[in-house]
>>> print(open('target35.txt').read())   # compact mmCIF, C-alpha atoms
# COMPACT_ATOMS: atom_id res chain seq x y z
CA MET A 1301 8.32 -5.59 -10.63
CA THR A 1302 5.25 -5.32 -12.84
CA LEU A 1303 2.01 -6.15 -11.13
CA CYS A 1304 -0.72 -7.60 -13.30
CA VAL A 1305 -4.11 -8.81 -12.20
CA TRP A 1306 -5.53 -10.98 -14.91
CA LEU A 1307 -9.07 -11.20 -16.21
CA MET A 1308 -9.40 -14.56 -17.86
CA GLY A 1309 -11.56 -14.36 -20.95
CA ALA A 1310 -12.74 -10.82 -20.22
CA VAL A 1311 -13.78 -8.48 -23.00
CA PRO A 1312 -14.03 -4.68 -23.07
CA ALA A 1313 -17.18 -3.22 -21.53
CA THR A 1314 -18.12 -1.88 -24.96
CA GLY A 1315 -18.15 -5.34 -26.45
CA LEU A 1316 -15.46 -4.13 -28.86
CA ALA A 1317 -12.26 -6.00 -29.52
CA ALA A 1318 -9.40 -4.47 -27.57
CA GLY A 1319 -8.25 -1.29 -29.31
CA GLN A 1320 -11.21 -1.22 -31.73
CA GLU A 1321 -12.51 2.30 -32.28
CA ALA A 1322 -16.00 3.01 -31.02
CA VAL A 1323 -18.43 4.88 -33.30
CA TYR A 1324 -21.49 6.44 -31.69
CA ALA A 1325 -24.44 7.94 -33.50
CA ASP A 1326 -24.65 10.95 -31.17
CA MET A 1327 -20.94 11.85 -30.96
CA ALA A 1328 -20.15 13.02 -34.50
CA GLU A 1329 -20.11 16.75 -33.64
CA HIS A 1330 -19.54 16.54 -29.88
CA TRP A 1331 -16.64 18.45 -28.30
CA ALA A 1332 -15.46 15.32 -26.45
CA LYS A 1333 -15.59 12.98 -29.45
CA ASP A 1334 -11.87 12.18 -29.44
CA SER A 1335 -11.75 11.53 -25.68
CA VAL A 1336 -14.86 9.37 -25.75
CA THR A 1337 -13.56 7.41 -28.73
CA ARG A 1338 -10.19 6.74 -27.15
CA MET A 1339 -11.45 5.92 -23.65
CA SER A 1340 -14.26 3.73 -24.99
CA SER A 1341 -11.78 1.73 -27.03
CA LEU A 1342 -9.95 1.07 -23.75
CA GLY A 1343 -13.13 -0.24 -22.18
CA ILE A 1344 -13.41 2.59 -19.62
CA LEU A 1345 -17.06 3.34 -20.37
CA ASP A 1346 -19.37 1.74 -22.87
CA GLY A 1347 -22.18 2.98 -25.06
CA PHE A 1348 -25.79 1.82 -25.25
CA PRO A 1349 -27.39 -0.96 -27.34
CA ASP A 1350 -29.02 1.62 -29.61
CA GLY A 1351 -25.59 2.81 -30.79
CA THR A 1352 -25.53 6.02 -28.78
CA PHE A 1353 -23.17 7.18 -26.05
CA ARG A 1354 -25.46 9.78 -24.42
CA PRO A 1355 -22.61 12.12 -23.49
CA GLU A 1356 -24.74 14.61 -21.56
CA GLU A 1357 -26.16 12.11 -19.09
CA ALA A 1358 -24.93 12.59 -15.52
CA VAL A 1359 -22.41 10.13 -14.11
CA THR A 1360 -23.00 8.50 -10.73
CA ALA A 1361 -20.48 8.01 -7.94
CA ASP A 1362 -20.15 4.26 -8.44
CA GLN A 1363 -19.76 4.65 -12.20
CA PHE A 1364 -17.02 7.23 -11.76
CA VAL A 1365 -15.09 5.12 -9.25
CA LYS A 1366 -15.16 2.16 -11.59
CA MET A 1367 -14.03 4.33 -14.50
CA LEU A 1368 -11.25 5.82 -12.39
CA LEU A 1369 -9.76 2.45 -11.47
CA LEU A 1370 -10.09 1.08 -15.00
CA SER A 1371 -8.25 4.16 -16.27
CA TYR A 1372 -5.17 3.00 -14.38
CA SER A 1373 -5.28 -0.44 -16.00
CA GLU A 1374 -4.30 -1.74 -19.41
CA LEU A 1375 -6.56 -3.69 -21.73
CA TYR A 1376 -4.61 -6.37 -23.61
CA PRO A 1377 -5.45 -7.73 -27.07
CA ASN A 1378 -6.81 -10.96 -25.55
CA GLY A 1379 -9.23 -8.98 -23.38
CA GLU A 1380 -7.31 -9.39 -20.14
CA ARG A 1381 -6.49 -6.45 -17.86
CA GLY A 1382 -3.57 -5.55 -15.62
CA TRP A 1383 -2.50 -2.51 -13.65
CA LYS A 1384 -0.32 -0.06 -15.54
CA THR A 1385 3.27 -0.29 -14.37
CA SER A 1386 3.39 3.51 -14.03
CA PHE A 1387 0.39 3.45 -11.70
CA PHE A 1388 1.77 0.71 -9.49
CA GLY A 1389 5.14 2.45 -9.31
CA SER A 1390 3.54 5.72 -8.21
CA LEU A 1391 1.98 4.18 -5.10
CA SER A 1392 3.31 4.14 -1.56
CA GLU A 1393 4.56 0.85 -0.15
CA ALA A 1394 1.36 0.62 1.88
CA ASN A 1395 -0.81 0.97 -1.21
CA LYS A 1396 1.31 -1.48 -3.16
CA ASN A 1397 0.57 -3.96 -0.41
CA VAL A 1398 -3.14 -3.16 -0.76
CA LEU A 1399 -3.01 -4.29 -4.39
CA GLN A 1400 -0.66 -7.22 -3.90
CA ARG A 1401 -2.18 -8.63 -0.73
CA ASP A 1402 -5.47 -7.16 0.46
CA HIS A 1403 -6.96 -7.02 -3.05
CA ARG A 1404 -4.87 -9.56 -4.90
CA ASP A 1405 -8.09 -11.19 -6.15
CA PHE A 1406 -9.42 -7.94 -7.63
CA ASN A 1407 -10.24 -8.79 -11.25
CA PHE A 1408 -11.66 -5.48 -12.61
CA LYS A 1409 -15.09 -7.12 -12.89
CA PRO A 1410 -18.33 -5.98 -11.26
CA ASP A 1411 -19.82 -8.19 -8.57
CA VAL A 1412 -22.50 -10.48 -9.98
CA SER A 1413 -23.79 -11.83 -6.68
CA GLY A 1414 -24.32 -8.52 -4.88
CA TYR A 1415 -23.93 -4.79 -5.39
CA TRP A 1416 -22.08 -4.58 -8.70
CA ALA A 1417 -19.76 -1.70 -7.66
CA LYS A 1418 -18.63 -3.14 -4.32
CA PRO A 1419 -15.21 -4.38 -5.57
CA TYR A 1420 -14.39 -0.94 -6.98
CA VAL A 1421 -15.61 1.04 -3.97
CA ASP A 1422 -13.84 -1.25 -1.49
CA LEU A 1423 -10.54 -0.94 -3.36
CA ALA A 1424 -10.83 2.85 -3.73
CA GLU A 1425 -11.45 3.15 0.00
CA ASP A 1426 -8.46 0.98 0.88
CA LEU A 1427 -6.26 3.05 -1.43
CA ASN A 1428 -7.48 6.18 0.42
CA ILE A 1429 -9.00 7.60 -2.74
CA LEU A 1430 -12.42 7.49 -1.10
CA ALA A 1431 -13.29 7.94 2.56
CA LYS A 1432 -15.15 5.06 4.17
CA ASN A 1433 -18.82 5.41 3.28
CA GLN A 1434 -18.08 8.73 1.56
CA PHE A 1435 -21.44 8.65 -0.16
CA ALA A 1436 -24.56 7.47 1.60
CA ASP A 1437 -25.83 6.44 -1.80
CA TYR A 1438 -23.30 5.61 -4.52
CA LYS A 1439 -26.05 6.07 -7.07
CA VAL A 1440 -25.90 9.82 -6.42
CA LYS A 1441 -25.13 11.99 -9.43
CA LEU A 1442 -21.72 13.55 -8.89
CA ARG A 1443 -21.35 17.31 -8.80
CA ARG A 1444 -18.22 18.94 -10.17
CA GLU A 1445 -16.83 19.58 -6.69
CA ASP A 1446 -17.45 15.90 -5.79
CA VAL A 1447 -15.34 14.79 -8.73
CA ALA A 1448 -12.68 17.36 -7.77
CA GLU A 1449 -12.52 15.76 -4.32
CA ILE A 1450 -12.03 12.24 -5.69
CA VAL A 1451 -9.36 13.47 -8.10
CA TYR A 1452 -7.66 15.42 -5.28
CA TYR A 1453 -7.18 12.30 -3.15
CA THR A 1454 -6.15 10.28 -6.18
CA LEU A 1455 -3.43 12.84 -6.88
CA LYS A 1456 -2.38 12.71 -3.24
CA GLU A 1457 -1.81 8.97 -3.53
CA THR A 1458 -0.25 8.89 -7.01
CA GLU A 1459 1.50 12.24 -7.55
CA PHE A 1460 1.83 15.27 -5.30
CA LEU A 1461 -0.26 18.27 -4.31
CA GLU A 1462 0.52 21.77 -5.51
CA ASP A 1463 1.30 24.64 -3.17
CA SER A 1464 -2.08 25.69 -1.74
CA ALA A 1465 -1.40 29.44 -2.09
CA TYR A 1466 -0.54 28.97 -5.75
CA SER A 1467 -3.49 26.73 -6.60
CA MET A 1468 -6.02 28.81 -4.69
CA GLY A 1469 -4.73 31.91 -6.44
CA LEU A 1470 -5.62 30.28 -9.73
CA ALA A 1471 -9.04 29.01 -8.66
CA SER A 1472 -10.05 32.32 -7.05
CA GLN A 1473 -10.69 33.63 -10.57
CA TYR A 1474 -13.85 31.52 -10.83
CA GLY A 1475 -16.96 33.59 -10.31
CA ASP A 1476 -18.50 30.95 -8.03
CA TYR A 1477 -15.33 29.99 -6.10
CA LEU A 1478 -16.39 31.73 -2.90
CA SER A 1479 -19.73 29.90 -2.95
CA LEU A 1480 -17.87 26.65 -2.26
CA SER A 1481 -17.07 25.45 1.24
CA SER A 1482 -13.47 26.02 2.33
CA ARG A 1483 -12.92 22.28 2.02
CA ALA A 1484 -14.29 22.13 -1.53
CA GLN A 1485 -12.24 25.19 -2.48
CA ARG A 1486 -9.10 23.18 -1.75
CA PHE A 1487 -10.21 20.38 -4.10
CA VAL A 1488 -11.24 22.72 -6.90
CA ALA A 1489 -7.99 24.67 -6.56
CA GLU A 1490 -5.89 21.52 -6.91
CA VAL A 1491 -7.59 20.17 -10.03
CA THR A 1492 -7.40 23.64 -11.56
CA ALA A 1493 -3.68 24.03 -10.88
CA LYS A 1494 -3.04 20.54 -12.24
CA GLY A 1495 -4.92 21.35 -15.45
CA ILE A 1496 -7.30 18.44 -15.01
CA MET A 1497 -10.56 20.42 -14.70
CA GLU A 1498 -11.39 23.82 -16.17
CA GLY A 1499 -14.07 26.42 -15.69
CA TYR A 1500 -16.77 27.25 -18.22
CA PRO A 1501 -16.65 30.11 -20.78
CA ASN A 1502 -18.78 32.24 -18.44
CA GLY A 1503 -15.93 32.32 -15.91
CA TYR A 1504 -17.57 29.94 -13.42
CA PHE A 1505 -16.30 26.56 -12.26
CA GLY A 1506 -19.82 25.17 -12.26
CA ALA A 1507 -20.26 24.43 -8.56
CA GLY A 1508 -23.28 22.21 -7.98
CA LEU A 1509 -23.59 21.13 -11.61
CA PRO A 1510 -23.60 17.41 -12.42
CA VAL A 1511 -20.65 15.88 -14.24
CA THR A 1512 -21.64 14.35 -17.55
CA ARG A 1513 -20.40 11.08 -19.02
CA ALA A 1514 -18.35 12.97 -21.59
CA GLU A 1515 -16.84 15.28 -18.97
CA ALA A 1516 -15.97 12.33 -16.76
CA LEU A 1517 -13.96 10.69 -19.52
CA ARG A 1518 -12.13 13.93 -20.36
CA ILE A 1519 -11.24 14.42 -16.68
CA LEU A 1520 -9.95 10.86 -16.32
CA GLU A 1521 -8.02 11.16 -19.56
CA ARG A 1522 -6.18 14.19 -18.18
CA LEU A 1523 -5.71 12.57 -14.79
CA THR A 1524 -3.99 9.49 -16.20
CA ASP A 1525 -2.16 11.16 -19.09
CA LYS A 1526 -0.25 14.29 -18.07
CA THR A 1527 0.39 15.27 -21.68
CA GLY A 1528 -3.29 16.09 -22.07
CA ARG A 1529 -3.50 18.52 -19.18
CA VAL A 1530 -4.13 22.20 -19.82
CA ASN A 1531 -1.81 24.99 -18.74
CA ALA A 1532 -3.46 26.98 -15.99
CA SER A 1533 -2.73 30.70 -16.30
CA SER A 1534 -1.24 32.34 -13.25
CA GLY A 1535 -3.78 33.85 -10.88
CA ALA A 1536 -1.10 35.28 -8.64
CA GLU A 1537 0.38 38.15 -10.62
CA GLY A 1538 2.91 40.15 -8.66
CA SER A 1539 3.71 37.16 -6.44
CA TYR A 1540 6.92 35.18 -6.35
CA VAL A 1541 6.59 31.77 -8.00
CA LYS A 1542 9.29 29.11 -8.33
CA MET A 1543 9.35 25.56 -9.68
CA VAL A 1544 10.62 23.11 -7.06
CA PRO A 1545 11.36 19.36 -7.27
CA THR A 1546 9.01 16.76 -5.84
CA ALA A 1547 9.54 13.27 -4.46
CA ASP A 1548 8.58 11.60 -7.75
CA GLY A 1549 11.26 13.44 -9.70
CA SER A 1550 8.96 16.01 -11.30
CA TYR A 1551 8.29 19.63 -10.32
CA LYS A 1552 5.55 21.76 -8.83
CA LYS A 1553 5.00 25.50 -8.45
CA LEU A 1554 5.40 27.19 -5.08
CA ILE A 1555 4.36 30.71 -4.22
CA PHE A 1556 6.60 32.69 -1.86
CA SER A 1557 5.51 35.56 0.32
CA SER A 1558 8.41 37.84 -0.60
CA GLU A 1559 11.43 38.17 -2.83
CA LYS A 1560 13.68 37.51 0.16
CA MET A 1561 11.95 34.26 1.03
CA MET A 1562 12.15 33.10 -2.56
CA GLY A 1563 15.86 33.94 -2.47
CA ALA A 1564 16.20 31.82 0.67
CA TYR A 1565 15.29 28.79 -1.41
CA ASP A 1566 18.32 29.35 -3.65
CA VAL A 1567 20.52 29.83 -0.58
CA MET A 1568 19.32 26.47 0.72
CA LEU A 1569 20.51 24.86 -2.50
CA GLU A 1570 23.90 26.52 -2.04
CA ALA A 1571 24.01 25.28 1.55
CA ALA A 1572 23.15 21.77 0.34
CA ALA A 1573 26.15 21.79 -1.98
CA LEU A 1574 28.40 22.29 1.05
CA ARG A 1575 27.44 18.78 2.19
CA GLY A 1576 28.41 17.10 -1.06
CA THR A 1577 25.68 14.58 -1.86
CA ASN A 1578 24.54 13.97 1.73
CA TYR A 1579 21.31 15.91 1.42
CA ASP A 1580 17.79 15.65 0.08
CA MET A 1581 15.74 18.61 -1.14
CA GLN A 1582 11.99 18.25 -1.54
CA GLY A 1583 9.65 21.18 -1.71
CA THR A 1584 10.97 23.76 0.75
CA VAL A 1585 12.72 21.33 3.11
CA LEU A 1586 16.44 20.60 2.88
CA ARG A 1587 17.41 17.53 4.91
CA LEU A 1588 21.06 17.04 5.77
CA PHE A 1589 22.39 13.56 6.53
CA LYS A 1590 25.46 12.28 8.35
CA ASP A 1591 26.58 10.15 5.43
CA ALA A 1592 25.41 8.19 2.39
CA ALA A 1593 24.08 5.32 4.52
CA ALA A 1594 21.85 7.65 6.55
CA LYS A 1595 20.64 9.35 3.38
CA SER A 1596 19.76 6.00 1.85
CA LYS A 1597 17.69 5.09 4.89
CA GLY A 1598 16.07 8.53 5.09
CA THR A 1599 15.04 8.62 1.45
CA GLY A 1600 14.45 4.91 0.86
CA GLY A 1601 12.37 2.18 2.42
CA ALA A 1602 13.37 3.12 5.97
CA ALA A 1603 11.91 6.61 5.52
CA GLY A 1604 8.52 5.38 6.69
CA SER A 1605 9.85 3.70 9.82
CA GLY A 1606 9.13 6.73 11.99
CA GLU A 1607 12.83 7.29 12.75
CA ALA A 1608 14.44 10.58 11.73
CA TRP A 1609 17.55 9.84 9.69
CA ASP A 1610 18.44 13.45 8.90
CA GLU A 1611 20.66 15.14 11.47
CA ALA A 1612 19.68 18.69 10.53
CA SER A 1613 17.28 20.45 8.21
CA LEU A 1614 16.77 23.91 6.79
CA TRP A 1615 13.22 24.73 5.82
CA LEU A 1616 10.73 27.37 4.74
CA GLU A 1617 7.01 27.81 5.38
CA PRO A 1618 6.16 30.37 2.66
CA GLY A 1619 2.50 30.63 3.63
CA TYR A 1620 3.41 31.61 7.20
CA ARG A 1621 6.54 33.66 6.39
CA ILE A 1622 8.69 31.40 8.58
CA TYR A 1623 12.28 30.28 8.04
CA GLY A 1624 13.51 27.34 10.09
CA VAL A 1625 16.46 25.29 11.29
CA THR A 1626 16.05 21.89 12.97
CA ILE A 1627 18.94 20.03 14.59
CA ARG A 1628 19.23 16.64 16.25
CA LEU A 1629 21.84 15.63 18.82
CA GLN A 1630 24.31 13.39 17.01
CA ASP A 1631 28.07 13.07 17.38
CA GLY A 1632 29.75 15.47 14.96
CA MET A 1633 26.46 17.02 13.78
CA LEU A 1634 27.57 20.58 14.44
CA ALA A 1635 30.94 20.22 12.74
CA ARG A 1636 29.38 18.64 9.65
CA ASN A 1637 26.61 21.22 9.25
CA GLU A 1638 28.03 24.40 10.76
CA GLU A 1639 28.96 25.92 7.41
CA ALA A 1640 25.59 25.12 5.79
CA ILE A 1641 23.60 26.47 8.76
CA GLY A 1642 25.84 29.55 8.91
CA LYS A 1643 25.23 30.33 5.24
CA PHE A 1644 21.46 30.08 5.70
CA ALA A 1645 21.57 32.22 8.85
CA ALA A 1646 23.76 34.86 7.19
CA TYR A 1647 21.22 35.27 4.38
CA ILE A 1648 18.36 35.74 6.83
CA PHE A 1649 19.94 37.85 9.57
CA GLY A 1650 22.62 39.83 7.74
CA HIS A 1651 24.76 41.76 10.24
CA HIS A 1652 22.82 40.17 13.12
CA THR A 1653 24.06 36.70 12.08
CA ASP A 1654 26.56 36.43 14.94
CA THR A 1655 23.81 37.11 17.48
CA PHE A 1656 21.77 34.22 16.13
CA LEU A 1657 24.73 31.84 15.89
CA ILE A 1658 25.75 32.58 19.50
CA LEU A 1659 22.18 31.70 20.58
CA PHE A 1660 22.17 28.62 18.33
CA ASN A 1661 25.48 27.29 19.67
CA GLN A 1662 24.44 27.99 23.25
CA VAL A 1663 21.28 25.93 22.89
CA TYR A 1664 23.16 23.09 21.21
CA SER A 1665 25.88 23.03 23.88
CA GLN A 1666 23.33 22.98 26.69
CA LEU A 1667 21.46 20.08 25.12
CA ALA A 1668 24.70 18.21 24.46
CA ASP A 1669 25.62 18.63 28.14
CA GLY A 1670 22.26 17.18 29.19
CA GLN A 1671 20.94 20.49 30.51
CA THR A 1672 17.29 21.42 30.40
CA VAL A 1673 16.52 24.10 27.82
CA GLU A 1674 13.21 25.89 28.10
CA ASN A 1675 11.10 26.79 25.09
CA ARG A 1676 11.25 30.53 24.51
CA THR A 1677 11.13 33.31 21.92
CA VAL A 1678 14.10 35.63 21.40
CA SER A 1679 14.38 38.78 19.26
CA VAL A 1680 17.29 38.82 16.83
CA GLY A 1681 17.40 41.90 14.63
CA GLY A 1682 14.08 42.20 12.85
CA TYR A 1683 13.10 38.61 13.58
CA SER A 1684 11.47 36.63 16.37
CA VAL A 1685 13.24 33.32 16.92
CA GLU A 1686 11.08 30.69 18.61
CA ILE A 1687 13.08 27.87 20.20
CA ALA A 1688 11.19 24.59 20.71
CA ILE A 1689 12.85 21.56 22.32
CA GLN A 1690 11.42 18.18 21.32
CA ASP A 1691 12.12 14.44 21.65
CA GLY A 1692 13.15 14.71 25.27
CA GLY A 1693 15.89 17.22 24.57
CA LYS A 1694 17.29 15.47 21.48
CA THR A 1695 15.85 17.86 18.91
CA ALA A 1696 15.82 21.66 18.73
CA VAL A 1697 13.65 23.62 16.30
CA PHE A 1698 14.42 27.26 15.56
CA SER A 1699 11.44 28.97 13.87
CA ILE A 1700 12.37 32.38 12.50
CA LEU A 1701 9.53 34.82 11.83
CA GLU A 1702 10.04 38.27 10.34
CA LYS A 1703 8.49 40.97 12.53
CA GLN A 1704 5.79 43.10 10.93
>>> encode(input="target35.txt", output="structure tokens")
Amino acid sequence: MTLCVWLMGAVPATGLAAGQEAVYADMAEHWAKDSVTRMSSLGILDGFPDGTFRPEEAVTADQFVKMLLLSYSELYPNGERGWKTSFFGSLSEANKNVLQRDHRDFNFKPDVSGYWAKPYVDLAEDLNILAKNQFADYKVKLRREDVAEIVYYTLKETEFLEDSAYSMGLASQYGDYLSLSSRAQRFVAEVTAKGIMEGYPNGYFGAGLPVTRAEALRILERLTDKTGRVNASSGAEGSYVKMVPTADGSYKKLIFSSEKMMGAYDVMLEAAALRGTNYDMQGTVLRLFKDAAAKSKGTGGAAGSGEAWDEASLWLEPGYRIYGVTIRLQDGMLARNEEAIGKFAAYIFGHHTDTFLILFNQVYSQLADGQTVENRTVSVGGYSVEIAIQDGGKTAVFSILEKQ
């Protein structure tokens, strides 16, 4: 379903007809001329009555939030606006409800009887793009790390986040990266890995510097149009990097701590094939389902119900060097997944595989018999296997950590 919120009789903020190219007296030789021209023609940000755009003026928080939301809308020839179908489709069910119900009267217009930016700020907060009262004063001039934070949470709601080890490896090349707080480092790393924001020619990100009007439009252009993003060069030479699928059908880069752990990812795919189509692989988690019906519930609308529909999972935590197996007590679970779990275990433990599988089957049998199984850590070959019983004895988690 396409969601459109109509603006009856509205015109672009520039005063231009929809799609008309803007010409500014001070943009002829500016590096962002093309971005400013295109985004202005879409009514994202307008110029001034004297015919200038003033590209080097700082952008404020409320201006940026308005521009961000407008960037996800379409401007029609008659001046009306509606959400882009691609934007609406990228949202969670909860956020779709925010647009359809909580803010169904949102009309892309500023408030004329109060604070002009209130409709935009309220919507951004309800979409979890902004924290409640994130800025004490929305007239504040945004710093580059502030914009990175807003973009980070926008990506979290509309796309996916890159592997933190990979993205931080890229951003660590900035000369001022360590001057940022650990929280801000995460935001800067993400927008760098995504190719939405870049550093300056001097090798610095520009922490503390204000974001200009021209920069804001270039950032939003890259945010909403993936084809315009830049390729970030790898800052993790000598590491093990692999492209993995994401929930939206695209891919992201993951960094693995060792060649063996990266190989474990491929073994998980081989284990998945042993279950036919009754699996789902996202990131470094392979979920195994009883049948097609359970998979449909676990990957569809019922996935957010809080109920676990997968009966077993194989997983990796590359940043912590941990391999894992999770099982849930279900009739026939062991028979259906024994081969897949055995293949994964054989790759990890080698000639100690039987030792692990004996432990694994013992725990499962005890739980199936209603016995109490204590949490404990057991050594198997060169690994420590931590056994954690959850859900009142219905779930067992085996965390496998290589000894140093």
>>> residues_around(input="target35.txt", residues="A:Leu1423", least_positions_apart="6", cutoff="12 Å", atoms="all atoms listed in the file", output="list in words")
Val1365, Lys1366, Leu1368, Leu1369, Leu1370, Asn1395, Lys1396, Asn1397, Val1398, Leu1399, Gln1400, Arg1401, Asp1402, His1403, Arg1404, Asp1405, Phe1406, Asn1407, Phe1408, Ala1417, Ile1429, Leu1430, Ala1431 and Lys1432 of chain A
>>> write_last_selection(input="target35.txt", atoms="C-alpha atoms", output="compact mmCIF listing (two decimals), in the frame of the given file")
# COMPACT_ATOMS: atom_id res chain seq x y z
CA VAL A 1365 -15.09 5.12 -9.25
CA LYS A 1366 -15.16 2.16 -11.59
CA LEU A 1368 -11.25 5.82 -12.39
CA LEU A 1369 -9.76 2.45 -11.47
CA LEU A 1370 -10.09 1.08 -15.00
CA ASN A 1395 -0.81 0.97 -1.21
CA LYS A 1396 1.31 -1.48 -3.16
CA ASN A 1397 0.57 -3.96 -0.41
CA VAL A 1398 -3.14 -3.16 -0.76
CA LEU A 1399 -3.01 -4.29 -4.39
CA GLN A 1400 -0.66 -7.22 -3.90
CA ARG A 1401 -2.18 -8.63 -0.73
CA ASP A 1402 -5.47 -7.16 0.46
CA HIS A 1403 -6.96 -7.02 -3.05
CA ARG A 1404 -4.87 -9.56 -4.90
CA ASP A 1405 -8.09 -11.19 -6.15
CA PHE A 1406 -9.42 -7.94 -7.63
CA ASN A 1407 -10.24 -8.79 -11.25
CA PHE A 1408 -11.66 -5.48 -12.61
CA ALA A 1417 -19.76 -1.70 -7.66
CA ILE A 1429 -9.00 7.60 -2.74
CA LEU A 1430 -12.42 7.49 -1.10
CA ALA A 1431 -13.29 7.94 2.56
CA LYS A 1432 -15.15 5.06 4.17
>>> residues_around(input="target35.txt", residues="stretch 1481-1495 of chain A", least_positions_apart="5", cutoff="8 Å", atoms="only C-alpha atoms", output="VMD selection string")
chain A and resid 1445 1448 to 1449 1451 to 1452 1461 to 1462 1464 1466 to 1472 1522 1529 to 1532
>>> closest_residue(input="target35.txt", among="A:Asp1426, A:Glu1357, A:Glu1329, A:Glu1686", to="A:Phe1656", atoms="all atoms listed in the file")
A:Glu1686
>>> residues_around(input="target35.txt", residues="A:Asp1691", least_positions_apart="6", cutoff="12 Å", atoms="all atoms listed in the file", output="tab-separated table (two decimals) with C-alpha atoms, keeping the file's coordinate frame")
chain	number	residue	atom	x	y	z
A	1607	GLU	CA	12.83	7.29	12.75
A	1608	ALA	CA	14.44	10.58	11.73
A	1627	ILE	CA	18.94	20.03	14.59
A	1628	ARG	CA	19.23	16.64	16.25
A	1629	LEU	CA	21.84	15.63	18.82
A	1667	LEU	CA	21.46	20.08	25.12
A	1697	VAL	CA	13.65	23.62	16.30
>>> residues_around(input="target35.txt", residues="stretch 1580-1582 of chain A", least_positions_apart="3", cutoff="7 Å", atoms="all atoms listed in the file", output="ChimeraX atom specification")
/A:1545-1547,1585-1588
>>> residues_around(input="target35.txt", residues="A:Leu1442", least_positions_apart="4", cutoff="12 Å", atoms="only C-alpha atoms", output="list in words")
Glu1357, Ala1358, Val1359, Thr1360, Ala1361, Asp1362, Gln1363, Phe1364, Val1365, Phe1435, Asp1437, Tyr1438, Asp1446, Val1447, Ala1448, Glu1449, Ile1450, Ala1507, Gly1508, Leu1509, Pro1510, Val1511, Thr1512, Arg1513, Glu1515 and Ala1516 of chain A
>>> atom_distance(input="target35.txt", atom1="atom CA of A:Ser1558", atom2="atom CA of A:Gly1681")
18.1 Å
>>> closest_residue(input="target35.txt", among="A:Gly1576, A:Gly1506, A:Pro1618, A:Gly1528", to="A:Glu1559", atoms="only C-alpha atoms")
A:Pro1618
>>> closest_residue(input="target35.txt", among="A:Ala1640, A:Leu1342, A:Val1678, A:Ala1593", to="A:Val1567", atoms="all atoms listed in the file")
A:Ala1640
>>> closest_residue(input="target35.txt", among="A:Thr1352, A:Asn1661, A:Gln1630, A:Ser1341", to="A:Pro1377", atoms="only C-alpha atoms")
A:Ser1341
>>> atom_distance(input="target35.txt", atom1="atom CA of A:Phe1388", atom2="atom CA of A:Gly1343")
19.6 Å
>>> closest_residue(input="target35.txt", among="A:Ile1622, A:Asp1476, A:Lys1333, A:Arg1381", to="A:Lys1560", atoms="all atoms listed in the file")
A:Ile1622
>>> closest_residue(input="target35.txt", among="A:Gln1662, A:Thr1385, A:Asn1378, A:Ser1679", to="A:Lys1703", atoms="all atoms listed in the file")
A:Ser1679
